[in-house]
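Report on the following structure.
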Amino acid sequence: MEAIGITRLCHRNLLPTTNPSLTSTFISNLVIGRTSFHNYNTNFPKFLVSATMESSFKPEEARVPAELSLPAPPVTKFKIALCQLYVTTDKERNIAHAQQAIEDAADKGAQLILLPEIWNSPYSNDSFPVYAEDIDAGGDASPSTRMLSEVSRSRKITIIGGSIPERSGDKLYNSCCVFGTDGKLLAKHRKIHLFDIDIPGKMTFKESRTLTAGERPTIVDTEVGRIGIGICYDIRFQELAAIYAARGAHLLCYPGAFNMTTGPLHWELLQRARAADCQLYVATCSPARDGGSSYVAWGHSTLVGPFGEVLMTTEHEETTLIAEIDYSVIEQRRTYLPFQKQRRGDLYQLVDVERLNCTGAK
């Protein structure tokens, strides 16, 4: 059934070939190319493309610098936990509660823990400056990350620490810290795309009133694979996910707090789109819903597989979800549907500016 579905999809995407002289011009912001379509007197299916034509499409040039090969992960299968936490105004309680949830998940065999966006503080511009921590200073200046470091080391687990408000000099960021099994900080992602929206009568929020946007993508090698990090609104930008995929990510993690307006419309849709676009795993973690808060989270933390299939999800209550990730499925899915090798580098390119500017473009 799966192969039949793919065949039908190919036929639907074909342009008519009844006119041997038919030509079509494709235009993008980068390239203008001309391609001719002809009838071929052959017994082969019309949707098969010759090796010569595929070569002329230059798929290897659709990513600049060239796409990296998917690295062999340290483990093929492991358990991931998504801790959908109820957040209060009591910071000490939030930290202790998150620690308990992490330890409970580790006791159940989870090797990777994902926490929600802004789990130690209410989600509001008034709260961000009050609850912000100096992550670089560490210790008492950042009790939230100190706890994450201690637990990751004591339980020998990898933690994607959701996000917390970060203070750095006179600036505030929405930041996600990744801790390895030795308790060391492996990476810190500062939310790149700030949540500034205005839907009249529904939702208005301007993170830029208090927060500063991050300036670089974050991909990190861990003991459970190569992981690309985004925070909430970052998931709307396919280009960021595509950069992570081109850098060889196995998994994308997005702590996020979509709201009651955009959540029902876009939360699952975007997760499945990013997974299907990149043919890898996508994990998200939301705070649990608090109907009395000034900002009400949608919830529905989710794990999506590399075919865009929902593997695990929940509703809006506080809970911890645990599921298995199997990286061998990535190559299998990419073999079934090899569109990564069918891009049109002669028509478009995605440029990874950071890699391009680095010596050696690694």
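In the structure tokens, chains take letters A, B, ... by order of appearance, with residues numbered from 1 within each chain and ligands from 1 in the order shown.
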
Next item on the list: With a distance cut-off of 6 Å and only C-alpha atoms, select the neighbouring residues of region 56-67 of chain A, excluding the residue or stretch itself and same-chain residues fewer than 2 positions from it, and output the selection as a list in words.
Entry: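 So, after excluding close chain neighbours, the residues are Met53, Glu54, Ala246, Lys341, Gln342, Arg343, Arg344, Gly345, Asp346, Gln349, Leu350, Val351 and Leu356 of chain A.
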
Next item on the list: Excluding Gly180 (chain A) and residues on its chain fewer than 4 positions from it, collect all residues at most 9 Å away from it, counting only C-alpha atoms, and give them as a list in words.
Entry: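 After dropping sequence-adjacent residues, the list is Ser149, Ser152, Arg153, Lys156, Ile157, Thr158, Ile159, Lys184, Leu185, Leu186, Thr222 and Glu223 of chain A.
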
Checklist line | Who sits within 8 Å of Ile113 (chain A), only C-alpha atoms, same chain under 6 positions skipped, as a ChimeraX atom specification | finding: /A:80-83,102,105,157-161

Keeping all heavy atoms, export the residues of the selection given above as a PDB file, in the first residue's frame.
```pdb
ATOM      1  N   ILE A  80      13.256   8.645  25.341  1.00  0.00           N
ATOM      2  CA  ILE A  80      13.174  10.084  25.567  1.00  0.00           C
ATOM      3  C   ILE A  80      11.986  10.372  26.473  1.00  0.00           C
ATOM      4  O   ILE A  80      10.957   9.695  26.384  1.00  0.00           O
ATOM      5  CB  ILE A  80      13.036  10.856  24.237  1.00  0.00           C
ATOM      6  CG1 ILE A  80      13.029  12.375  24.485  1.00  0.00           C
ATOM      7  CG2 ILE A  80      11.798  10.419  23.461  1.00  0.00           C
ATOM      8  CD1 ILE A  80      13.040  13.209  23.209  1.00  0.00           C
ATOM      9  N   ALA A  81      12.134  11.357  27.351  1.00  0.00           N
ATOM     10  CA  ALA A  81      11.044  11.770  28.237  1.00  0.00           C
ATOM     11  C   ALA A  81      10.713  13.238  27.987  1.00  0.00           C
ATOM     12  O   ALA A  81      11.616  14.088  27.914  1.00  0.00           O
ATOM     13  CB  ALA A  81      11.428  11.575  29.704  1.00  0.00           C
ATOM     14  N   LEU A  82       9.445  13.531  27.832  1.00  0.00           N
ATOM     15  CA  LEU A  82       8.951  14.903  27.687  1.00  0.00           C
ATOM     16  C   LEU A  82       8.198  15.249  28.971  1.00  0.00           C
ATOM     17  O   LEU A  82       7.152  14.675  29.257  1.00  0.00           O
ATOM     18  CB  LEU A  82       8.014  15.007  26.476  1.00  0.00           C
ATOM     19  CG  LEU A  82       8.485  14.358  25.168  1.00  0.00           C
ATOM     20  CD1 LEU A  82       7.418  14.525  24.087  1.00  0.00           C
ATOM     21  CD2 LEU A  82       9.809  14.934  24.726  1.00  0.00           C
ATOM     22  N   CYS A  83       8.747  16.180  29.739  1.00  0.00           N
ATOM     23  CA  CYS A  83       8.178  16.519  31.049  1.00  0.00           C
ATOM     24  C   CYS A  83       7.309  17.771  30.921  1.00  0.00           C
ATOM     25  O   CYS A  83       7.824  18.905  30.933  1.00  0.00           O
ATOM     26  CB  CYS A  83       9.277  16.745  32.071  1.00  0.00           C
ATOM     27  SG  CYS A  83      10.330  15.301  32.359  1.00  0.00           S
ATOM     28  N   ILE A 102      12.395  14.930  36.447  1.00  0.00           N
ATOM     29  CA  ILE A 102      13.550  14.398  35.732  1.00  0.00           C
ATOM     30  C   ILE A 102      14.002  13.079  36.357  1.00  0.00           C
ATOM     31  O   ILE A 102      14.259  12.088  35.664  1.00  0.00           O
ATOM     32  CB  ILE A 102      14.703  15.418  35.747  1.00  0.00           C
ATOM     33  CG1 ILE A 102      14.333  16.658  34.935  1.00  0.00           C
ATOM     34  CG2 ILE A 102      15.987  14.788  35.210  1.00  0.00           C
ATOM     35  CD1 ILE A 102      15.289  17.814  35.112  1.00  0.00           C
ATOM     36  N   ALA A 105      11.649  10.246  35.576  1.00  0.00           N
ATOM     37  CA  ALA A 105      11.809   9.783  34.199  1.00  0.00           C
ATOM     38  C   ALA A 105      13.075   8.934  34.051  1.00  0.00           C
ATOM     39  O   ALA A 105      13.081   7.914  33.350  1.00  0.00           O
ATOM     40  CB  ALA A 105      11.851  10.972  33.246  1.00  0.00           C
ATOM     41  N   ILE A 157      22.474  11.127  32.548  1.00  0.00           N
ATOM     42  CA  ILE A 157      21.503  11.344  31.481  1.00  0.00           C
ATOM     43  C   ILE A 157      21.822  12.653  30.756  1.00  0.00           C
ATOM     44  O   ILE A 157      22.568  13.496  31.265  1.00  0.00           O
ATOM     45  CB  ILE A 157      20.055  11.413  32.022  1.00  0.00           C
ATOM     46  CG1 ILE A 157      19.951  12.484  33.120  1.00  0.00           C
ATOM     47  CG2 ILE A 157      19.597  10.053  32.538  1.00  0.00           C
ATOM     48  CD1 ILE A 157      18.551  12.699  33.651  1.00  0.00           C
ATOM     49  N   THR A 158      21.257  12.798  29.557  1.00  0.00           N
ATOM     50  CA  THR A 158      21.368  14.046  28.797  1.00  0.00           C
ATOM     51  C   THR A 158      20.087  14.839  29.009  1.00  0.00           C
ATOM     52  O   THR A 158      18.991  14.289  28.925  1.00  0.00           O
ATOM     53  CB  THR A 158      21.564  13.753  27.300  1.00  0.00           C
ATOM     54  OG1 THR A 158      22.744  12.959  27.128  1.00  0.00           O
ATOM     55  CG2 THR A 158      21.706  15.052  26.512  1.00  0.00           C
ATOM     56  N   ILE A 159      20.226  16.129  29.288  1.00  0.00           N
ATOM     57  CA  ILE A 159      19.064  16.977  29.552  1.00  0.00           C
ATOM     58  C   ILE A 159      19.038  18.153  28.577  1.00  0.00           C
ATOM     59  O   ILE A 159      20.014  18.905  28.469  1.00  0.00           O
ATOM     60  CB  ILE A 159      19.056  17.519  30.993  1.00  0.00           C
ATOM     61  CG1 ILE A 159      18.973  16.362  32.002  1.00  0.00           C
ATOM     62  CG2 ILE A 159      17.907  18.489  31.199  1.00  0.00           C
ATOM     63  CD1 ILE A 159      19.025  16.818  33.461  1.00  0.00           C
ATOM     64  N   ILE A 160      17.934  18.264  27.828  1.00  0.00           N
ATOM     65  CA  ILE A 160      17.639  19.482  27.070  1.00  0.00           C
ATOM     66  C   ILE A 160      16.773  20.314  28.011  1.00  0.00           C
ATOM     67  O   ILE A 160      15.593  20.033  28.203  1.00  0.00           O
ATOM     68  CB  ILE A 160      16.881  19.177  25.763  1.00  0.00           C
ATOM     69  CG1 ILE A 160      17.569  18.070  24.969  1.00  0.00           C
ATOM     70  CG2 ILE A 160      16.723  20.448  24.928  1.00  0.00           C
ATOM     71  CD1 ILE A 160      18.909  18.415  24.419  1.00  0.00           C
ATOM     72  N   GLY A 161      17.373  21.329  28.611  1.00  0.00           N
ATOM     73  CA  GLY A 161      16.771  21.992  29.765  1.00  0.00           C
ATOM     74  C   GLY A 161      15.676  22.992  29.458  1.00  0.00           C
ATOM     75  O   GLY A 161      15.639  24.065  30.096  1.00  0.00           O
TER      76      GLY A 161
END
```

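Considering only C-alpha atoms, the residue among A:Ala110, A:Leu70, A:Met203, A:Ala257 positioned nearest to Val224 (chain A) is A:Ala110.
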
Next item on the list: Tell me which of A:Leu172, A:Ala106, A:Ile325, A:Ala288 sits closest to Gly225 (chain A), counting only C-alpha atoms.
Entry: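 When distances to Gly225 (chain A) are compared using only C-alpha atoms, the smallest one comes from A:Ile325.
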
Please run DSSP on the backbone and report, as a compact mmCIF listing (two decimals) with C-alpha atoms, in the first residue's frame, all residues within region 80-282 of chain A that come out as helix (DSSP H, G or I).
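File written: out15.txt
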```
# COMPACT_ATOMS: atom_id res chain seq x y z
CA LYS A 91 10.65 29.66 41.53
CA GLU A 92 12.09 27.36 44.18
CA ARG A 93 9.06 25.10 43.89
CA ASN A 94 9.39 25.05 40.09
CA ILE A 95 13.03 23.98 40.32
CA ALA A 96 12.35 21.24 42.89
CA HIS A 97 9.35 20.02 40.92
CA ALA A 98 11.34 19.83 37.67
CA GLN A 99 14.10 17.91 39.45
CA GLN A 100 11.60 15.36 40.72
CA ALA A 101 10.10 14.91 37.25
CA ILE A 102 13.55 14.40 35.73
CA GLU A 103 14.55 11.84 38.36
CA ASP A 104 11.27 9.95 37.97
CA ALA A 105 11.81 9.78 34.20
CA ALA A 106 15.40 8.59 34.67
CA ASP A 107 14.12 5.87 37.01
CA SER A 127 8.29 38.07 34.96
CA PHE A 128 11.29 37.60 32.67
CA PRO A 129 13.51 40.25 34.37
CA VAL A 130 12.53 39.05 37.86
CA TYR A 131 13.23 35.35 37.27
CA GLY A 139 26.25 28.53 40.96
CA ASP A 140 23.92 30.65 43.08
CA ALA A 141 23.51 33.05 40.14
CA PRO A 143 20.00 27.79 40.55
CA SER A 144 17.94 26.35 37.68
CA THR A 145 20.93 25.31 35.58
CA ARG A 146 22.86 24.22 38.67
CA MET A 147 20.08 21.72 39.38
CA LEU A 148 20.10 20.49 35.76
CA SER A 149 23.86 20.00 35.88
CA GLU A 150 23.75 18.09 39.15
CA VAL A 151 20.94 15.78 38.06
CA SER A 152 22.42 15.04 34.63
CA ARG A 153 25.69 14.07 36.32
CA SER A 154 24.18 12.01 39.15
CA ARG A 155 21.78 10.11 36.84
CA GLU A 207 8.78 39.21 23.48
CA SER A 208 10.96 41.94 22.01
CA ARG A 209 9.70 44.30 24.73
CA CYS A 232 8.90 27.67 20.44
CA TYR A 233 8.55 30.31 17.69
CA ASP A 234 11.77 28.97 16.10
CA ILE A 235 9.75 25.98 14.88
CA ARG A 236 7.88 28.19 12.40
CA GLN A 238 11.70 25.82 8.08
CA GLU A 239 15.07 27.26 7.12
CA LEU A 240 16.46 26.72 10.63
CA ALA A 241 15.33 23.09 10.67
CA ALA A 242 16.79 22.58 7.19
CA ILE A 243 20.14 23.94 8.36
CA TYR A 244 20.13 21.46 11.25
CA ALA A 245 19.29 18.62 8.87
CA ALA A 246 22.11 19.69 6.54
CA THR A 262 -2.14 29.30 17.63
CA GLY A 263 -1.84 25.96 19.47
CA PRO A 264 -4.95 24.25 18.07
CA LEU A 265 -4.14 25.52 14.56
CA HIS A 266 -0.41 25.11 14.19
CA TRP A 267 1.35 23.23 17.03
CA GLU A 268 1.06 19.67 15.71
CA LEU A 269 1.05 20.84 12.09
CA LEU A 270 4.45 22.53 12.42
CA GLN A 271 6.02 19.61 14.26
CA ARG A 272 4.90 17.14 11.62
CA ALA A 273 5.98 19.50 8.84
CA ARG A 274 9.50 19.92 10.25
CA ALA A 275 9.85 16.15 10.71
CA ALA A 276 8.59 15.40 7.20
CA ASP A 277 10.63 18.24 5.64
CA CYS A 278 13.86 16.97 7.16
```

Next item on the list: Measuring atom to atom with only C-alpha atoms, identify which of A:Thr204, A:Ser142, A:Gln279, A:Ser286 is nearest to Gly162 (chain A).
Entry: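 Once distances to Gly162 (chain A) are computed over only C-alpha atoms, the minimum belongs to A:Ser286.
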
Margin query: I'd like the interatomic distance between CA of Gly248 (chain A) and CA of His300 (chain A), to a tenth of an Å.
Written below: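 Going from CA of Gly248 (chain A) over to CA of His300 (chain A), I get 27.3 Å.
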
Check: Distance CA of Leu280 (chain A)-CA of Ser175 (chain A), one decimal place?
Finding: 23.4 Å

Next item on the list: Apply DSSP to the structure's backbone, then extract all residues of region 146-271 of chain A labelled strand (DSSP E or B) and return them as a ChimeraX atom specification.
Entry: /A:158-160,164-168,171-179,185-190,196-199,203-206,218-222,225-229,251-255,259

Kindly export the residues of the current selection with N, CA and C atoms, as a short mmCIF file (atom, residue, chain, number, x, y, z; two decimals), in the first residue's frame.
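Saved the output as out.cif:
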```cif
data_model
loop_
_atom_site.label_atom_id
_atom_site.label_comp_id
_atom_site.auth_asym_id
_atom_site.auth_seq_id
_atom_site.Cartn_x
_atom_site.Cartn_y
_atom_site.Cartn_z
N THR A 158 21.26 12.80 29.56
CA THR A 158 21.37 14.05 28.80
C THR A 158 20.09 14.84 29.01
N ILE A 159 20.23 16.13 29.29
CA ILE A 159 19.06 16.98 29.55
C ILE A 159 19.04 18.15 28.58
N ILE A 160 17.93 18.26 27.83
CA ILE A 160 17.64 19.48 27.07
C ILE A 160 16.77 20.31 28.01
N ILE A 164 14.84 29.02 30.11
CA ILE A 164 14.63 29.92 31.23
C ILE A 164 15.03 31.33 30.78
N PRO A 165 14.54 32.37 31.47
CA PRO A 165 15.03 33.72 31.17
C PRO A 165 16.49 33.83 31.59
N GLU A 166 17.33 34.30 30.69
CA GLU A 166 18.76 34.47 30.98
C GLU A 166 19.13 35.94 31.00
N ARG A 167 19.92 36.32 32.00
CA ARG A 167 20.46 37.68 32.05
C ARG A 167 21.94 37.63 31.69
N SER A 168 22.32 38.46 30.70
CA SER A 168 23.71 38.56 30.31
C SER A 168 24.02 40.04 30.11
N LYS A 171 21.25 42.62 28.95
CA LYS A 171 20.30 41.99 28.03
C LYS A 171 19.66 40.75 28.65
N LEU A 172 18.45 40.47 28.19
CA LEU A 172 17.73 39.26 28.59
C LEU A 172 17.51 38.38 27.37
N TYR A 173 17.64 37.07 27.57
CA TYR A 173 17.42 36.10 26.51
C TYR A 173 16.48 35.00 26.99
N ASN A 174 15.87 34.32 26.04
CA ASN A 174 15.11 33.11 26.31
C ASN A 174 16.03 31.96 25.90
N SER A 175 16.60 31.24 26.89
CA SER A 175 17.74 30.36 26.61
C SER A 175 17.51 28.92 27.04
N CYS A 176 17.99 28.01 26.21
CA CYS A 176 17.93 26.57 26.46
C CYS A 176 19.34 26.04 26.67
N CYS A 177 19.56 25.35 27.79
CA CYS A 177 20.86 24.75 28.09
C CYS A 177 20.80 23.24 27.94
N VAL A 178 21.85 22.69 27.35
CA VAL A 178 21.96 21.25 27.15
C VAL A 178 23.10 20.73 28.01
N PHE A 179 22.79 19.73 28.85
CA PHE A 179 23.78 19.16 29.75
C PHE A 179 24.04 17.70 29.40
N LEU A 185 27.95 21.64 30.73
CA LEU A 185 27.12 22.36 29.75
C LEU A 185 27.69 22.11 28.36
N LEU A 186 26.88 21.47 27.52
CA LEU A 186 27.32 21.16 26.16
C LEU A 186 27.00 22.28 25.18
N ALA A 187 25.89 22.96 25.40
CA ALA A 187 25.47 24.01 24.47
C ALA A 187 24.44 24.90 25.14
N LYS A 188 24.33 26.10 24.61
CA LYS A 188 23.29 27.03 25.06
C LYS A 188 22.68 27.69 23.83
N HIS A 189 21.38 27.50 23.67
CA HIS A 189 20.67 28.10 22.53
C HIS A 189 19.84 29.28 23.02
N ARG A 190 20.08 30.43 22.42
CA ARG A 190 19.25 31.60 22.70
C ARG A 190 18.21 31.74 21.58
N ASP A 196 6.68 37.82 18.48
CA ASP A 196 5.99 39.13 18.38
C ASP A 196 4.80 38.97 17.44
N ILE A 197 3.60 38.84 18.01
CA ILE A 197 2.42 38.68 17.17
C ILE A 197 1.29 39.56 17.69
N ASP A 198 0.35 39.85 16.82
CA ASP A 198 -0.83 40.62 17.19
C ASP A 198 -2.02 40.12 16.37
N ILE A 199 -2.83 39.26 16.99
CA ILE A 199 -4.05 38.76 16.37
C ILE A 199 -5.20 39.44 17.11
N MET A 203 -4.83 37.19 20.47
CA MET A 203 -3.54 37.06 21.12
C MET A 203 -2.61 38.17 20.67
N THR A 204 -2.07 38.89 21.65
CA THR A 204 -1.04 39.89 21.40
C THR A 204 0.09 39.66 22.39
N PHE A 205 1.29 39.48 21.88
CA PHE A 205 2.45 39.30 22.76
C PHE A 205 3.68 39.80 22.02
N LYS A 206 4.54 40.51 22.72
CA LYS A 206 5.76 41.06 22.11
C LYS A 206 6.95 40.71 23.00
N THR A 218 21.93 26.34 16.93
CA THR A 218 22.62 25.50 17.93
C THR A 218 22.39 24.03 17.61
N ILE A 219 23.46 23.34 17.29
CA ILE A 219 23.41 21.89 17.09
C ILE A 219 24.50 21.28 17.95
N VAL A 220 24.18 20.18 18.62
CA VAL A 220 25.08 19.66 19.63
C VAL A 220 25.17 18.15 19.54
N ASP A 221 26.39 17.64 19.65
CA ASP A 221 26.61 16.19 19.70
C ASP A 221 26.51 15.73 21.15
N THR A 222 25.64 14.76 21.37
CA THR A 222 25.40 14.23 22.72
C THR A 222 25.57 12.72 22.69
N GLY A 225 23.01 11.18 20.30
CA GLY A 225 22.94 11.65 18.92
C GLY A 225 23.13 13.14 18.76
N ARG A 226 23.11 13.57 17.51
CA ARG A 226 23.28 14.98 17.16
C ARG A 226 21.91 15.66 17.16
N ILE A 227 21.79 16.73 17.95
CA ILE A 227 20.48 17.34 18.20
C ILE A 227 20.51 18.82 17.84
N GLY A 228 19.53 19.25 17.06
CA GLY A 228 19.33 20.66 16.76
C GLY A 228 18.32 21.25 17.72
N ILE A 229 18.60 22.46 18.20
CA ILE A 229 17.75 23.07 19.24
C ILE A 229 17.03 24.31 18.69
N LEU A 251 17.84 14.50 15.45
CA LEU A 251 16.67 14.88 16.24
C LEU A 251 16.63 16.39 16.40
N LEU A 252 15.42 16.97 16.30
CA LEU A 252 15.22 18.38 16.61
C LEU A 252 14.38 18.47 17.88
N CYS A 253 14.80 19.29 18.82
CA CYS A 253 14.07 19.48 20.07
C CYS A 253 13.62 20.93 20.20
N TYR A 254 12.32 21.11 20.43
CA TYR A 254 11.74 22.43 20.57
C TYR A 254 10.94 22.52 21.87
N PRO A 255 11.53 23.02 22.96
CA PRO A 255 10.67 23.41 24.07
C PRO A 255 9.81 24.58 23.60
N ASN A 259 0.05 28.97 22.42
CA ASN A 259 -1.09 29.45 23.20
C ASN A 259 -2.41 28.87 22.70
#
```
